[in-house]
Structure formats: structure tokens, C-alpha cells
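Heads up: the structure comes next, in C-alpha cells.
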Amino acid sequence: MSAATLTATSPTTEGSRRKSGKYTGGNPLVYALALVVVALTVGPVLYGVLGGFRTNAQLAETPAGLPDPWVLTNYTGVLTNPNFWKYALNSTAIALLTTALVVVFGIMAAYPLARYKFKGREQLFMVFVLGLLFPATVAIIPLFILITDLGMGNTWWGVALPQAAFALPVTVVILRPFLQALPDELEEAALLDGASRIGFFWRILLPLSGPGMVTVGVLAFVGSWNAYLLPLLLLQSDMKTLPLGVADFSSEHASDTAGVFAFTTLAMIPALVFFLAMQKRIVNGLQGAVKG
């Protein structure tokens, strides 16, 4: 009886949907605005990438045209430039140090704030939350004086330590929900089996909070790779990072617009590829933080 009813009513339902003529695919205005945002975001990047495959004469003749013919000398010239690899090494080392410091100290700070109950815990957590509102540019001069007095000027550690410190607030804010989401019964069972709180932290908590640690690690790496102001004040000559190298190359080769495009494109590729490769993990990690 029910099957016959469904068979009899389904054509009527489909007919009513067709007659209504309503567009159910979404708001066209939203799609239009999304396309505009994508064009404004991707357009300059795509222009710079294609500009590296053109000559300066082509750029002067048709600034908005496509490469005709395609030229590889700009990119090969950058890749054979020893300064480019020095800058890349410095950026990689500083980014890895910053990421390691952020993940290690972030998880250590988030663990007691999430799993321990003590007086003033929420007030202490609010200190990290307020740290999100404190820009690094405000403390840039005191940081420069402090790092110089400690003898860490023009070193990897002199840049990595302040960057990690300013990345800790967002790290703790993201990691705390992960650690709070773990059921208390899991910790109680581990303690009954003879594990200490430190043992529970190393053997159970760290593996389960992997998505959150990956998320904060990727954010710290990309943020360090793109940092400009702090390395500008603390690093000199051969210790400069890629963003500083791009600025120096642009100044030294101001007339070589195509070469500047190629240098800039190659400088942003590592962080872009790394971010795209870890994109799903970042989304999953942030979703887990919201659910927690």
C-alpha cells in the first residue's frame, strides 16, 4: 500500500517542483561575490607567476598579456643565484625552530590549563586569550634591545624565540579544547593501571591530540616563513630570510621586473605547497577545536 502511494505521488511531487521553477542551487549573488574575492586573491599571484615567464620587453609592451614566447631564463637565473639558497636555508631553519618551540611549549602550556583544576585557571587562560590582541609591532623595539643585549642578534634563535612567543597564545587557544575533549574516564583508567600524569601525557594525550598539534605547527611554520618586520631588525647580510631577500633583490634589480616576479614566485612556493598539502589537516584540526 505504501509503495503504491509513493509511486502514485512521486510524479505529482516532481511535477510541482518543476512548475515552481525555483532555483535551489544557491544565491547567485553569493557566487558572484565569491568569484570576485577569488579573482582579487589569486589574480596578483597568477600575474606574478606568469610574469616570471616573460621578458621585460613583453611586460612593457603588453602588461596584461600571456607569455609569448615562454621564457625560462628568469627562473633559472634565480635558482642559480647562491643568495637565493642562503635566504631559503635561513627561512627554513628559523621556521622549523619556531614550529618546534610552538608545538612543544604550546602543548605543555595547554595541558595543565585543560586537564588540571586549580584556582585561577580561567584567569590564566584569559592571559593567553588577551595575547591574541597584542601585536608584535608594539614590542618590536624592546624585543630588538633585549635580543641584542642577550647576544642573539643576527642569529636564527634570536628570531625564532620571539616568533614562538607571539604564536603561543593562538596555539594554546586551539590546543586546549582538544585536551579538554578527552574523556576523564580515559585518564582515570590510565591512572588505575599505574600510569602517572606525565605518563598519561606522553602515552595517551599526545597521540590523540595529533590533529591539533599539526594545525598549530603548520600555522607557525607559514607565519614564520612570511615574517618580515622582526627579521628585518635582527638579521643582516648572509643571515637574511627570503622575504628580506625579495626586498633586496627588488631594490638591486628594480629595472628587471620579470626577474623580480620570478624571485618572488619561487620565494612563496615552499610555504604555499606546504600549506596546501596540510590544508585538510588544518581544517580537521580547527573543526575538532570548535567541537571540543
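In the C-alpha cells, the first chain shown is A, the next is B, and so on; residue numbers restart at 1 for each chain, and ligands run from 1 in the order shown.
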Using only C-alpha atoms, find each residue in region 230-250 of chain A having at least one atom no more than 7 Å away from region 155-172 of chain A; report its shortest atom-to-atom pair and that distance in Å (one decimal), rows by chain then rising number, as a tab-separated table.
residue	atom	partner	partner_atom	distance
A:Leu230	CA	A:Val159	CA	6.8
A:Pro231	CA	A:Val159	CA	6.4
A:Leu235	CA	A:Thr155	CA	7.0
Every residue of region 117-229 of chain A that DSSP places in alpha helix (DSSP H), as a ChimeraX atom specification: /A:121-131,140-149,156-181,184-192,197-200,206-208,210-225,229
Which residue of A:His253, A:Lys119, A:Lys280, A:Lys240 approaches Pro211 (chain A) most closely, using only C-alpha atoms: A:Lys280
Contacts of Leu96 (chain A) at 9 Å (only C-alpha atoms; same-chain gap of 6+ positions) as a ChimeraX atom specification: /A:160,220-221,224
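Counting from CA of Thr55 (chain A), the distance to CA of Ala258 (chain A) is 6.0 Å.
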Between CA of Ala262 (chain A) and CA of Ala93 (chain A), distance in Å (one decimal): 22.7 Å
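Distance check against Val49 (chain A) using only C-alpha atoms: of A:Gly217, A:Gly151, A:Pro243, A:Gly259, the minimum falls on A:Gly259.
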Gap from CA of Val222 (chain A) to CA of Phe274 (chain A) - Å, one decimal: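 Going from CA of Val222 (chain A) over to CA of Phe274 (chain A), I get 8.2 Å.
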Gln180 (chain A) surroundings by only C-alpha atoms, 9 Å radius, close-in-sequence under 5 positions cut, as JSON, numbers by chain: {"A": [111, 113, 114, 115, 175, 292]}
Distance criterion (only C-alpha atoms): nearest to Tyr47 (chain A) out of A:Ala139, A:Ala189, A:Leu33, A:Ala64: A:Ala64
Within 12 Å of Glu187 (chain A) using only C-alpha atoms, minus same-chain residues under 6 positions, as a PyMOL selection string: chain A and resi 115-116+179-181+193-201+203-205
Residues near region 226-228 of chain A, cut-off 9 Å, only C-alpha atoms, skip fewer than 6 positions along chain, as a list in words: Ser91, Gln163, Thr241, Leu242, Pro243, Leu244, Met268 and Ala271 of chain A
So that I can check the surroundings of region 65-82 of chain A, please list as an mmCIF file with N, CA, C and O atoms, in the first residue's frame every protein, DNA and RNA residue that reaches within 8 Å of it, counting only C-alpha atoms and ignoring chain neighbours fewer than 3 positions away.
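Saved to result_20.cif:
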data_model
loop_
_atom_site.group_PDB
_atom_site.id
_atom_site.type_symbol
_atom_site.label_atom_id
_atom_site.label_comp_id
_atom_site.auth_asym_id
_atom_site.auth_seq_id
_atom_site.Cartn_x
_atom_site.Cartn_y
_atom_site.Cartn_z
ATOM 1 N N LEU A 50 53.054 34.181 -13.968
ATOM 2 C CA LEU A 50 53.172 34.285 -15.425
ATOM 3 C C LEU A 50 54.181 35.351 -15.830
ATOM 4 O O LEU A 50 54.861 35.213 -16.859
ATOM 5 N N GLY A 51 54.286 36.425 -15.033
ATOM 6 C CA GLY A 51 55.253 37.470 -15.346
ATOM 7 C C GLY A 51 56.684 36.969 -15.317
ATOM 8 O O GLY A 51 57.548 37.487 -16.033
ATOM 9 N N GLY A 52 56.955 35.938 -14.492
ATOM 10 C CA GLY A 52 58.291 35.373 -14.445
ATOM 11 C C GLY A 52 58.667 34.627 -15.713
ATOM 12 O O GLY A 52 59.857 34.395 -15.963
ATOM 13 N N PHE A 53 57.669 34.243 -16.499
ATOM 14 C CA PHE A 53 57.918 33.543 -17.760
ATOM 15 C C PHE A 53 57.960 34.502 -18.953
ATOM 16 O O PHE A 53 57.958 34.055 -20.097
ATOM 17 N N ARG A 54 57.986 35.800 -18.695
ATOM 18 C CA ARG A 54 58.018 36.786 -19.770
ATOM 19 C C ARG A 54 59.301 37.602 -19.689
ATOM 20 O O ARG A 54 60.012 37.591 -18.676
ATOM 21 N N THR A 55 59.577 38.307 -20.742
ATOM 22 C CA THR A 55 60.715 39.213 -20.749
ATOM 23 C C THR A 55 60.247 40.606 -20.348
ATOM 24 O O THR A 55 59.046 40.914 -20.356
ATOM 25 N N GLN A 58 58.283 42.188 -23.140
ATOM 26 C CA GLN A 58 56.896 41.742 -23.214
ATOM 27 C C GLN A 58 56.039 42.437 -22.157
ATOM 28 O O GLN A 58 54.902 42.839 -22.432
ATOM 29 N N LEU A 59 56.568 42.579 -20.962
ATOM 30 C CA LEU A 59 55.818 43.251 -19.897
ATOM 31 C C LEU A 59 55.571 44.718 -20.232
ATOM 32 O O LEU A 59 54.508 45.264 -19.914
ATOM 33 N N THR A 62 52.870 44.601 -23.478
ATOM 34 C CA THR A 62 51.520 44.151 -23.094
ATOM 35 C C THR A 62 51.556 43.691 -21.642
ATOM 36 O O THR A 62 51.801 42.512 -21.366
ATOM 37 N N TRP A 85 69.552 30.578 -2.254
ATOM 38 C CA TRP A 85 69.616 29.385 -1.420
ATOM 39 C C TRP A 85 70.043 29.706 0.002
ATOM 40 O O TRP A 85 69.637 29.019 0.953
ATOM 41 N N LYS A 86 70.858 30.738 0.182
ATOM 42 C CA LYS A 86 71.183 31.178 1.544
ATOM 43 C C LYS A 86 69.935 31.684 2.253
ATOM 44 O O LYS A 86 69.671 31.337 3.407
ATOM 45 N N ALA A 258 60.673 41.301 -14.647
ATOM 46 C CA ALA A 258 60.424 39.870 -14.830
ATOM 47 C C ALA A 258 61.241 39.042 -13.845
ATOM 48 O O ALA A 258 60.761 38.042 -13.299
ATOM 49 N N GLY A 259 62.487 39.434 -13.602
ATOM 50 C CA GLY A 259 63.313 38.723 -12.631
ATOM 51 C C GLY A 259 62.770 38.839 -11.221
ATOM 52 O O GLY A 259 62.821 37.884 -10.441
ATOM 53 N N ALA A 262 59.932 36.433 -10.877
ATOM 54 C CA ALA A 262 60.420 35.060 -10.724
ATOM 55 C C ALA A 262 60.947 34.819 -9.317
ATOM 56 O O ALA A 262 60.672 33.780 -8.707
ATOM 57 N N PHE A 263 61.699 35.764 -8.785
ATOM 58 C CA PHE A 263 62.254 35.618 -7.434
ATOM 59 C C PHE A 263 61.135 35.553 -6.408
ATOM 60 O O PHE A 263 61.150 34.713 -5.494
ATOM 61 N N LEU A 266 59.240 32.075 -6.625
ATOM 62 C CA LEU A 266 59.990 30.969 -6.042
ATOM 63 C C LEU A 266 60.086 31.101 -4.526
ATOM 64 O O LEU A 266 60.166 30.087 -3.816
#
Counting only C-alpha atoms, the option among A:Ala190, A:Met152, A:Ile147, A:Val173 closest to Leu124 (chain A): A:Val173
Top pick for closest residue to Ile107 (chain A), considering A:Gly212, A:Ala254, A:Phe249, A:Leu229 and counting only C-alpha atoms: A:Gly212
